[in-house]
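Visitor: Have a peek at run-v3.pdb (PDB, N, CA and C atoms).
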ATOM      1  N   MET A   9      -2.501  -7.909   4.707  1.00  0.00           N
ATOM      2  CA  MET A   9      -2.965  -6.572   4.392  1.00  0.00           C
ATOM      3  C   MET A   9      -2.459  -5.635   5.477  1.00  0.00           C
ATOM      4  N   MET A  10      -2.105  -4.458   5.071  1.00  0.00           N
ATOM      5  CA  MET A  10      -1.590  -3.463   5.994  1.00  0.00           C
ATOM      6  C   MET A  10      -2.687  -2.470   6.357  1.00  0.00           C
ATOM      7  N   THR A  11      -2.550  -1.861   7.504  1.00  0.00           N
ATOM      8  CA  THR A  11      -3.486  -0.817   7.887  1.00  0.00           C
ATOM      9  C   THR A  11      -3.164   0.458   7.118  1.00  0.00           C
ATOM     10  N   THR A  12      -4.147   1.307   6.956  1.00  0.00           N
ATOM     11  CA  THR A  12      -3.928   2.537   6.202  1.00  0.00           C
ATOM     12  C   THR A  12      -3.881   3.763   7.096  1.00  0.00           C
ATOM     13  N   GLU A  13      -3.842   3.572   8.391  1.00  0.00           N
ATOM     14  CA  GLU A  13      -3.760   4.707   9.301  1.00  0.00           C
ATOM     15  C   GLU A  13      -2.315   5.188   9.356  1.00  0.00           C
ATOM     16  N   ALA A  14      -2.044   6.321   8.771  1.00  0.00           N
ATOM     17  CA  ALA A  14      -0.682   6.844   8.703  1.00  0.00           C
ATOM     18  C   ALA A  14      -0.429   7.850   9.811  1.00  0.00           C
ATOM     19  N   VAL A  15       0.819   7.995  10.148  1.00  0.00           N
ATOM     20  CA  VAL A  15       1.228   9.011  11.104  1.00  0.00           C
ATOM     21  C   VAL A  15       1.277  10.333  10.349  1.00  0.00           C
ATOM     22  N   PRO A  16       0.482  11.329  10.763  1.00  0.00           N
ATOM     23  CA  PRO A  16       0.444  12.606  10.046  1.00  0.00           C
ATOM     24  C   PRO A  16       1.835  13.194   9.859  1.00  0.00           C
ATOM     25  N   GLY A  17       2.111  13.621   8.623  1.00  0.00           N
ATOM     26  CA  GLY A  17       3.377  14.246   8.316  1.00  0.00           C
ATOM     27  C   GLY A  17       4.527  13.296   8.036  1.00  0.00           C
ATOM     28  N   LEU A  18       4.364  12.013   8.312  1.00  0.00           N
ATOM     29  CA  LEU A  18       5.450  11.069   8.105  1.00  0.00           C
ATOM     30  C   LEU A  18       5.209  10.136   6.926  1.00  0.00           C
ATOM     31  N   ILE A  19       4.025   9.613   6.816  1.00  0.00           N
ATOM     32  CA  ILE A  19       3.703   8.627   5.792  1.00  0.00           C
ATOM     33  C   ILE A  19       2.478   9.088   5.025  1.00  0.00           C
ATOM     34  N   ASP A  20       2.553   9.016   3.702  1.00  0.00           N
ATOM     35  CA  ASP A  20       1.387   9.274   2.857  1.00  0.00           C
ATOM     36  C   ASP A  20       0.748   7.917   2.595  1.00  0.00           C
ATOM     37  N   ALA A  21      -0.405   7.664   3.196  1.00  0.00           N
ATOM     38  CA  ALA A  21      -1.056   6.360   3.093  1.00  0.00           C
ATOM     39  C   ALA A  21      -1.530   6.035   1.684  1.00  0.00           C
ATOM     40  N   THR A  22      -1.503   7.010   0.775  1.00  0.00           N
ATOM     41  CA  THR A  22      -1.904   6.744  -0.608  1.00  0.00           C
ATOM     42  C   THR A  22      -0.721   6.318  -1.470  1.00  0.00           C
ATOM     43  N   ARG A  23       0.481   6.325  -0.909  1.00  0.00           N
ATOM     44  CA  ARG A  23       1.703   5.997  -1.662  1.00  0.00           C
ATOM     45  C   ARG A  23       2.367   4.745  -1.099  1.00  0.00           C
ATOM     46  N   CYS A  24       2.955   3.981  -1.978  1.00  0.00           N
ATOM     47  CA  CYS A  24       3.704   2.791  -1.590  1.00  0.00           C
ATOM     48  C   CYS A  24       4.957   3.225  -0.837  1.00  0.00           C
ATOM     49  N   PRO A  25       5.173   2.702   0.365  1.00  0.00           N
ATOM     50  CA  PRO A  25       6.361   3.102   1.112  1.00  0.00           C
ATOM     51  C   PRO A  25       7.660   2.526   0.544  1.00  0.00           C
ATOM     52  N   LEU A  26       7.563   1.579  -0.390  1.00  0.00           N
ATOM     53  CA  LEU A  26       8.761   1.002  -1.005  1.00  0.00           C
ATOM     54  C   LEU A  26       9.231   1.784  -2.220  1.00  0.00           C
ATOM     55  N   CYS A  27       8.287   2.173  -3.096  1.00  0.00           N
ATOM     56  CA  CYS A  27       8.687   2.834  -4.345  1.00  0.00           C
ATOM     57  C   CYS A  27       8.149   4.255  -4.482  1.00  0.00           C
ATOM     58  N   GLY A  28       7.170   4.635  -3.659  1.00  0.00           N
ATOM     59  CA  GLY A  28       6.623   5.984  -3.705  1.00  0.00           C
ATOM     60  C   GLY A  28       5.493   6.187  -4.699  1.00  0.00           C
ATOM     61  N   GLU A  29       5.172   5.155  -5.467  1.00  0.00           N
ATOM     62  CA  GLU A  29       4.071   5.265  -6.430  1.00  0.00           C
ATOM     63  C   GLU A  29       2.729   5.136  -5.708  1.00  0.00           C
ATOM     64  N   ALA A  30       1.649   5.560  -6.367  1.00  0.00           N
ATOM     65  CA  ALA A  30       0.303   5.430  -5.794  1.00  0.00           C
ATOM     66  C   ALA A  30       0.014   3.954  -5.540  1.00  0.00           C
ATOM     67  N   ASN A  31      -0.500   3.640  -4.356  1.00  0.00           N
ATOM     68  CA  ASN A  31      -0.785   2.237  -4.041  1.00  0.00           C
ATOM     69  C   ASN A  31      -2.192   1.813  -4.446  1.00  0.00           C
ATOM     70  N   ARG A  32      -3.029   2.768  -4.805  1.00  0.00           N
ATOM     71  CA  ARG A  32      -4.392   2.506  -5.271  1.00  0.00           C
ATOM     72  C   ARG A  32      -5.175   1.629  -4.289  1.00  0.00           C
ATOM     73  N   CYS A  33      -4.974   1.870  -3.017  1.00  0.00           N
ATOM     74  CA  CYS A  33      -5.653   1.113  -1.968  1.00  0.00           C
ATOM     75  C   CYS A  33      -7.113   1.569  -1.875  1.00  0.00           C
ATOM     76  N   ALA A  34      -8.024   0.668  -2.160  1.00  0.00           N
ATOM     77  CA  ALA A  34      -9.448   1.014  -2.131  1.00  0.00           C
ATOM     78  C   ALA A  34      -9.891   1.419  -0.729  1.00  0.00           C
ATOM     79  N   MET A  35      -9.303   0.815   0.285  1.00  0.00           N
ATOM     80  CA  MET A  35      -9.680   1.165   1.652  1.00  0.00           C
ATOM     81  C   MET A  35      -9.260   2.594   1.984  1.00  0.00           C
ATOM     82  N   GLU A  36      -8.086   3.007   1.515  1.00  0.00           N
ATOM     83  CA  GLU A  36      -7.629   4.380   1.746  1.00  0.00           C
ATOM     84  C   GLU A  36      -8.450   5.362   0.925  1.00  0.00           C
ATOM     85  N   ILE A  37      -8.782   5.004  -0.315  1.00  0.00           N
ATOM     86  CA  ILE A  37      -9.619   5.863  -1.160  1.00  0.00           C
ATOM     87  C   ILE A  37     -10.971   6.078  -0.484  1.00  0.00           C
ATOM     88  N   GLU A  38     -11.550   5.002   0.047  1.00  0.00           N
ATOM     89  CA  GLU A  38     -12.842   5.118   0.734  1.00  0.00           C
ATOM     90  C   GLU A  38     -12.716   5.986   1.981  1.00  0.00           C
ATOM     91  N   ARG A  39     -11.642   5.818   2.729  1.00  0.00           N
ATOM     92  CA  ARG A  39     -11.442   6.620   3.942  1.00  0.00           C
ATOM     93  C   ARG A  39     -11.290   8.098   3.583  1.00  0.00           C
ATOM     94  N   GLU A  40     -10.561   8.388   2.516  1.00  0.00           N
ATOM     95  CA  GLU A  40     -10.322   9.770   2.092  1.00  0.00           C
ATOM     96  C   GLU A  40     -11.566  10.428   1.502  1.00  0.00           C
ATOM     97  N   THR A  41     -12.320   9.683   0.684  1.00  0.00           N
ATOM     98  CA  THR A  41     -13.441  10.273  -0.051  1.00  0.00           C
ATOM     99  C   THR A  41     -14.794  10.061   0.608  1.00  0.00           C
ATOM    100  N   GLY A  42     -14.895   9.037   1.459  1.00  0.00           N
ATOM    101  CA  GLY A  42     -16.180   8.700   2.046  1.00  0.00           C
ATOM    102  C   GLY A  42     -17.083   7.936   1.094  1.00  0.00           C
ATOM    103  N   GLN A  43     -16.572   7.616  -0.094  1.00  0.00           N
ATOM    104  CA  GLN A  43     -17.353   6.882  -1.093  1.00  0.00           C
ATOM    105  C   GLN A  43     -16.993   5.402  -1.044  1.00  0.00           C
ATOM    106  N   ALA A  44     -18.028   4.564  -1.012  1.00  0.00           N
ATOM    107  CA  ALA A  44     -17.812   3.118  -0.979  1.00  0.00           C
ATOM    108  C   ALA A  44     -17.006   2.676  -2.194  1.00  0.00           C
ATOM    109  N   GLN A  45     -16.093   1.748  -1.967  1.00  0.00           N
ATOM    110  CA  GLN A  45     -15.233   1.220  -3.022  1.00  0.00           C
ATOM    111  C   GLN A  45     -15.430  -0.295  -3.119  1.00  0.00           C
ATOM    112  N   PRO A  46     -15.131  -0.859  -4.277  1.00  0.00           N
ATOM    113  CA  PRO A  46     -15.160  -2.321  -4.382  1.00  0.00           C
ATOM    114  C   PRO A  46     -14.014  -2.892  -3.545  1.00  0.00           C
ATOM    115  N   PRO A  47     -14.002  -4.202  -3.323  1.00  0.00           N
ATOM    116  CA  PRO A  47     -12.895  -4.790  -2.558  1.00  0.00           C
ATOM    117  C   PRO A  47     -11.540  -4.403  -3.165  1.00  0.00           C
ATOM    118  N   CYS A  48     -10.593  -4.139  -2.312  1.00  0.00           N
ATOM    119  CA  CYS A  48      -9.264  -3.711  -2.753  1.00  0.00           C
ATOM    120  C   CYS A  48      -8.532  -4.852  -3.456  1.00  0.00           C
ATOM    121  N   TRP A  49      -7.696  -4.493  -4.430  1.00  0.00           N
ATOM    122  CA  TRP A  49      -6.887  -5.473  -5.154  1.00  0.00           C
ATOM    123  C   TRP A  49      -6.037  -6.293  -4.190  1.00  0.00           C
ATOM    124  N   CYS A  50      -5.664  -5.696  -3.065  1.00  0.00           N
ATOM    125  CA  CYS A  50      -4.762  -6.380  -2.132  1.00  0.00           C
ATOM    126  C   CYS A  50      -5.399  -7.599  -1.473  1.00  0.00           C
ATOM    127  N   MET A  51      -6.705  -7.683  -1.527  1.00  0.00           N
ATOM    128  CA  MET A  51      -7.384  -8.829  -0.938  1.00  0.00           C
ATOM    129  C   MET A  51      -7.166 -10.097  -1.762  1.00  0.00           C
ATOM    130  N   GLN A  52      -6.672  -9.960  -2.983  1.00  0.00           N
ATOM    131  CA  GLN A  52      -6.474 -11.096  -3.878  1.00  0.00           C
ATOM    132  C   GLN A  52      -4.998 -11.412  -4.123  1.00  0.00           C
ATOM    133  N   VAL A  53      -4.088 -10.743  -3.434  1.00  0.00           N
ATOM    134  CA  VAL A  53      -2.657 -10.889  -3.704  1.00  0.00           C
ATOM    135  C   VAL A  53      -1.965 -11.645  -2.575  1.00  0.00           C
ATOM    136  N   ASP A  54      -1.042 -12.521  -2.960  1.00  0.00           N
ATOM    137  CA  ASP A  54      -0.207 -13.232  -1.996  1.00  0.00           C
ATOM    138  C   ASP A  54       0.985 -12.337  -1.663  1.00  0.00           C
ATOM    139  N   PHE A  55       1.014 -11.807  -0.461  1.00  0.00           N
ATOM    140  CA  PHE A  55       2.073 -10.889  -0.057  1.00  0.00           C
ATOM    141  C   PHE A  55       3.316 -11.608   0.460  1.00  0.00           C
ATOM    142  N   SER A  56       3.325 -12.921   0.441  1.00  0.00           N
ATOM    143  CA  SER A  56       4.470 -13.647   0.991  1.00  0.00           C
ATOM    144  C   SER A  56       5.752 -13.380   0.217  1.00  0.00           C
ATOM    145  N   ARG A  57       5.645 -12.979  -1.052  1.00  0.00           N
ATOM    146  CA  ARG A  57       6.832 -12.689  -1.857  1.00  0.00           C
ATOM    147  C   ARG A  57       7.178 -11.207  -1.856  1.00  0.00           C
ATOM    148  N   ALA A  58       6.368 -10.401  -1.239  1.00  0.00           N
ATOM    149  CA  ALA A  58       6.601  -8.950  -1.229  1.00  0.00           C
ATOM    150  C   ALA A  58       7.874  -8.632  -0.450  1.00  0.00           C
ATOM    151  N   PRO A  59       8.637  -7.665  -0.914  1.00  0.00           N
ATOM    152  CA  PRO A  59       9.915  -7.319  -0.272  1.00  0.00           C
ATOM    153  C   PRO A  59       9.742  -6.461   0.979  1.00  0.00           C
ATOM    154  N   LEU A  60       8.882  -6.902   1.883  1.00  0.00           N
ATOM    155  CA  LEU A  60       8.604  -6.101   3.076  1.00  0.00           C
ATOM    156  C   LEU A  60       9.818  -5.978   3.982  1.00  0.00           C
ATOM    157  N   THR A  61      10.781  -6.889   3.843  1.00  0.00           N
ATOM    158  CA  THR A  61      11.984  -6.786   4.669  1.00  0.00           C
ATOM    159  C   THR A  61      12.811  -5.562   4.289  1.00  0.00           C
ATOM    160  N   ASN A  62      12.564  -4.989   3.102  1.00  0.00           N
ATOM    161  CA  ASN A  62      13.256  -3.766   2.684  1.00  0.00           C
ATOM    162  C   ASN A  62      12.677  -2.525   3.347  1.00  0.00           C
ATOM    163  N   LEU A  63      11.561  -2.684   4.013  1.00  0.00           N
ATOM    164  CA  LEU A  63      10.879  -1.560   4.640  1.00  0.00           C
ATOM    165  C   LEU A  63      11.316  -1.460   6.102  1.00  0.00           C
ATOM    166  N   PRO A  64      11.790  -0.293   6.534  1.00  0.00           N
ATOM    167  CA  PRO A  64      12.188  -0.151   7.940  1.00  0.00           C
ATOM    168  C   PRO A  64      11.030  -0.511   8.873  1.00  0.00           C
ATOM    169  N   GLU A  65      11.344  -1.143   9.972  1.00  0.00           N
ATOM    170  CA  GLU A  65      10.345  -1.611  10.939  1.00  0.00           C
ATOM    171  C   GLU A  65       9.363  -0.503  11.327  1.00  0.00           C
ATOM    172  N   GLU A  66       9.865   0.718  11.538  1.00  0.00           N
ATOM    173  CA  GLU A  66       8.998   1.813  11.984  1.00  0.00           C
ATOM    174  C   GLU A  66       8.029   2.284  10.906  1.00  0.00           C
ATOM    175  N   MET A  67       8.224   1.865   9.653  1.00  0.00           N
ATOM    176  CA  MET A  67       7.324   2.258   8.566  1.00  0.00           C
ATOM    177  C   MET A  67       6.315   1.164   8.223  1.00  0.00           C
ATOM    178  N   ARG A  68       6.454  -0.005   8.817  1.00  0.00           N
ATOM    179  CA  ARG A  68       5.555  -1.119   8.501  1.00  0.00           C
ATOM    180  C   ARG A  68       4.181  -0.896   9.115  1.00  0.00           C
ATOM    181  N   GLY A  69       3.147  -1.249   8.348  1.00  0.00           N
ATOM    182  CA  GLY A  69       1.782  -1.160   8.839  1.00  0.00           C
ATOM    183  C   GLY A  69       1.168   0.226   8.753  1.00  0.00           C
ATOM    184  N   LEU A  70       1.849   1.171   8.097  1.00  0.00           N
ATOM    185  CA  LEU A  70       1.330   2.532   8.013  1.00  0.00           C
ATOM    186  C   LEU A  70       0.731   2.869   6.659  1.00  0.00           C
ATOM    187  N   ALA A  71       1.148   2.169   5.612  1.00  0.00           N
ATOM    188  CA  ALA A  71       0.626   2.404   4.263  1.00  0.00           C
ATOM    189  C   ALA A  71       0.755   1.114   3.474  1.00  0.00           C
ATOM    190  N   CYS A  72      -0.167   0.889   2.576  1.00  0.00           N
ATOM    191  CA  CYS A  72      -0.128  -0.307   1.732  1.00  0.00           C
ATOM    192  C   CYS A  72       0.950  -0.173   0.670  1.00  0.00           C
ATOM    193  N   ILE A  73       1.594  -1.287   0.363  1.00  0.00           N
ATOM    194  CA  ILE A  73       2.515  -1.268  -0.761  1.00  0.00           C
ATOM    195  C   ILE A  73       1.704  -1.402  -2.043  1.00  0.00           C
ATOM    196  N   CYS A  74       2.284  -0.993  -3.162  1.00  0.00           N
ATOM    197  CA  CYS A  74       1.561  -1.026  -4.439  1.00  0.00           C
ATOM    198  C   CYS A  74       1.546  -2.440  -5.024  1.00  0.00           C
ATOM    199  N   MET A  75       0.711  -2.648  -6.027  1.00  0.00           N
ATOM    200  CA  MET A  75       0.582  -3.958  -6.645  1.00  0.00           C
ATOM    201  C   MET A  75       1.913  -4.408  -7.249  1.00  0.00           C
ATOM    202  N   ARG A  76       2.625  -3.492  -7.880  1.00  0.00           N
ATOM    203  CA  ARG A  76       3.900  -3.856  -8.499  1.00  0.00           C
ATOM    204  C   ARG A  76       4.876  -4.388  -7.458  1.00  0.00           C
ATOM    205  N   CYS A  77       5.012  -3.705  -6.336  1.00  0.00           N
ATOM    206  CA  CYS A  77       5.923  -4.161  -5.288  1.00  0.00           C
ATOM    207  C   CYS A  77       5.411  -5.435  -4.619  1.00  0.00           C
ATOM    208  N   ALA A  78       4.107  -5.547  -4.454  1.00  0.00           N
ATOM    209  CA  ALA A  78       3.525  -6.721  -3.808  1.00  0.00           C
ATOM    210  C   ALA A  78       3.710  -7.986  -4.630  1.00  0.00           C
ATOM    211  N   THR A  79       3.680  -7.843  -5.940  1.00  0.00           N
ATOM    212  CA  THR A  79       3.768  -9.020  -6.808  1.00  0.00           C
ATOM    213  C   THR A  79       5.153  -9.226  -7.392  1.00  0.00           C
ATOM    214  N   GLY A  80       6.041  -8.268  -7.197  1.00  0.00           N
ATOM    215  CA  GLY A  80       7.383  -8.379  -7.745  1.00  0.00           C
ATOM    216  C   GLY A  80       7.444  -8.114  -9.234  1.00  0.00           C
ATOM    217  N   ALA A  81       6.424  -7.458  -9.778  1.00  0.00           N
ATOM    218  CA  ALA A  81       6.387  -7.146 -11.210  1.00  0.00           C
ATOM    219  C   ALA A  81       7.442  -6.097 -11.544  1.00  0.00           C
ATOM    220  N   ALA A  82       7.941  -6.151 -12.756  1.00  0.00           N
ATOM    221  CA  ALA A  82       8.938  -5.184 -13.216  1.00  0.00           C
ATOM    222  C   ALA A  82       8.293  -3.815 -13.398  1.00  0.00           C
ATOM    223  N   PRO A  83       9.026  -2.744 -13.113  1.00  0.00           N
ATOM    224  CA  PRO A  83       8.487  -1.389 -13.325  1.00  0.00           C
ATOM    225  C   PRO A  83       8.166  -1.152 -14.794  1.00  0.00           C
ATOM    226  N   GLN A  84       7.135  -0.366 -15.037  1.00  0.00           N
ATOM    227  CA  GLN A  84       6.770  -0.009 -16.404  1.00  0.00           C
ATOM    228  C   GLN A  84       7.480   1.282 -16.764  1.00  0.00           C
ATOM    229  N   ASP A  85       8.128   1.310 -17.936  1.00  0.00           N
ATOM    230  CA  ASP A  85       8.829   2.521 -18.375  1.00  0.00           C
ATOM    231  C   ASP A  85       7.961   3.356 -19.257  1.00  0.00           C
TER     232      ASP A  85
END
Starting from the file, lay out its structure as structure tokens.
Guide:
Amino acid sequence: MMTTEAVPGLIDATRCPLCGEANRCAMEIERETGQAQPPCWCMQVDFSRAPLTNLPEEMRGLACICMRCATGAAPQD
């Protein structure tokens, strides 16, 4: 799991740094809204297959990747 603390102006912690889509991170939603959220989907995903090597080192750990990128699922058209 990645941290959701983003560098202001550089990373949008609500967006996947790989594809730019909403990452739907429950932890970030809770931090932004102050409303308790159920456990995040990322707690149930095996990230070992995620293409994190495509992410520049300086961008790692700043925003969660989305479920599609984490699981290697094909994009929906």
Visitor: Hey, what comes out of the PyMOL selection byres (((chain A and resi 58 and name CA) around 9) and name CA) on this file? Could you write it as a PDB file with N, CA and C atoms, in the coordinates of the input?
Guide:
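What follows is the written file selection.pdb:
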ATOM      1  N   ASP A  54      -1.042 -12.521  -2.960  1.00  0.00           N
ATOM      2  CA  ASP A  54      -0.207 -13.232  -1.996  1.00  0.00           C
ATOM      3  C   ASP A  54       0.985 -12.337  -1.663  1.00  0.00           C
ATOM      4  N   PHE A  55       1.014 -11.807  -0.461  1.00  0.00           N
ATOM      5  CA  PHE A  55       2.073 -10.889  -0.057  1.00  0.00           C
ATOM      6  C   PHE A  55       3.316 -11.608   0.460  1.00  0.00           C
ATOM      7  N   SER A  56       3.325 -12.921   0.441  1.00  0.00           N
ATOM      8  CA  SER A  56       4.470 -13.647   0.991  1.00  0.00           C
ATOM      9  C   SER A  56       5.752 -13.380   0.217  1.00  0.00           C
ATOM     10  N   ARG A  57       5.645 -12.979  -1.052  1.00  0.00           N
ATOM     11  CA  ARG A  57       6.832 -12.689  -1.857  1.00  0.00           C
ATOM     12  C   ARG A  57       7.178 -11.207  -1.856  1.00  0.00           C
ATOM     13  N   PRO A  59       8.637  -7.665  -0.914  1.00  0.00           N
ATOM     14  CA  PRO A  59       9.915  -7.319  -0.272  1.00  0.00           C
ATOM     15  C   PRO A  59       9.742  -6.461   0.979  1.00  0.00           C
ATOM     16  N   LEU A  60       8.882  -6.902   1.883  1.00  0.00           N
ATOM     17  CA  LEU A  60       8.604  -6.101   3.076  1.00  0.00           C
ATOM     18  C   LEU A  60       9.818  -5.978   3.982  1.00  0.00           C
ATOM     19  N   THR A  61      10.781  -6.889   3.843  1.00  0.00           N
ATOM     20  CA  THR A  61      11.984  -6.786   4.669  1.00  0.00           C
ATOM     21  C   THR A  61      12.811  -5.562   4.289  1.00  0.00           C
ATOM     22  N   ILE A  73       1.594  -1.287   0.363  1.00  0.00           N
ATOM     23  CA  ILE A  73       2.515  -1.268  -0.761  1.00  0.00           C
ATOM     24  C   ILE A  73       1.704  -1.402  -2.043  1.00  0.00           C
ATOM     25  N   CYS A  77       5.012  -3.705  -6.336  1.00  0.00           N
ATOM     26  CA  CYS A  77       5.923  -4.161  -5.288  1.00  0.00           C
ATOM     27  C   CYS A  77       5.411  -5.435  -4.619  1.00  0.00           C
ATOM     28  N   ALA A  78       4.107  -5.547  -4.454  1.00  0.00           N
ATOM     29  CA  ALA A  78       3.525  -6.721  -3.808  1.00  0.00           C
ATOM     30  C   ALA A  78       3.710  -7.986  -4.630  1.00  0.00           C
ATOM     31  N   THR A  79       3.680  -7.843  -5.940  1.00  0.00           N
ATOM     32  CA  THR A  79       3.768  -9.020  -6.808  1.00  0.00           C
ATOM     33  C   THR A  79       5.153  -9.226  -7.392  1.00  0.00           C
ATOM     34  N   GLY A  80       6.041  -8.268  -7.197  1.00  0.00           N
ATOM     35  CA  GLY A  80       7.383  -8.379  -7.745  1.00  0.00           C
ATOM     36  C   GLY A  80       7.444  -8.114  -9.234  1.00  0.00           C
TER      37      GLY A  80
END
Visitor: Residues within 8 Å of Arg32 (chain A), please, as a PyMOL selection string. Count only C-alpha atoms; anything in the same chain fewer than 4 positions from it doesn't count.
Guide: chain A and resi 22-23+36-37+74
Visitor: May I have the residues from that selection written out with N, CA and C atoms, as a JSON list (two decimals), in the coordinates of the input?
Guide:
[["chain", "number", "residue", "atom", "x", "y", "z"],
["A", 22, "THR", "N", -1.50, 7.01, 0.78],
["A", 22, "THR", "CA", -1.90, 6.74, -0.61],
["A", 22, "THR", "C", -0.72, 6.32, -1.47],
["A", 23, "ARG", "N", 0.48, 6.32, -0.91],
["A", 23, "ARG", "CA", 1.70, 6.00, -1.66],
["A", 23, "ARG", "C", 2.37, 4.74, -1.10],
["A", 36, "GLU", "N", -8.09, 3.01, 1.52],
["A", 36, "GLU", "CA", -7.63, 4.38, 1.75],
["A", 36, "GLU", "C", -8.45, 5.36, 0.92],
["A", 37, "ILE", "N", -8.78, 5.00, -0.32],
["A", 37, "ILE", "CA", -9.62, 5.86, -1.16],
["A", 37, "ILE", "C", -10.97, 6.08, -0.48],
["A", 74, "CYS", "N", 2.28, -0.99, -3.16],
["A", 74, "CYS", "CA", 1.56, -1.03, -4.44],
["A", 74, "CYS", "C", 1.55, -2.44, -5.02]]
Visitor: Do you have the CA of Asn31 (chain A)-CA of Ala71 (chain A) distance handy?
Guide: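 Interatomic distance, CA of Asn31 (chain A) to CA of Ala71 (chain A): 8.4 Å.
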Visitor: Find, counting all atoms listed in the file, the residue in A:Met35, A:Cys50, A:Leu26, A:Ala81 that gets nearest to Leu63 (chain A).
Guide: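 Residue with the minimum atom-to-atom distance to Leu63 (chain A): A:Leu26.
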Visitor: Would you compute the distance between CA of Cys33 (chain A) and atom C of Cys48 (chain A)? Give it in Å to one decimal.
Guide: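 For CA of Cys33 (chain A) relative to atom C of Cys48 (chain A), the distance reads 6.8 Å.
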Visitor: Could you jot down the atom N of Pro46 (chain A) to atom C of Glu66 (chain A) separation for me, Å, one decimal place?
Guide: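 Separation of atom N of Pro46 (chain A) and atom C of Glu66 (chain A): 27.9 Å.
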Visitor: Write out as a VMD selection string the set of residues from chain A that DSSP, computed on the backbone, places in helix (DSSP H, G or I).
Guide: chain A and resid 34 to 41 49 to 52 55 to 57 60 to 62 65 to 67 75 to 79
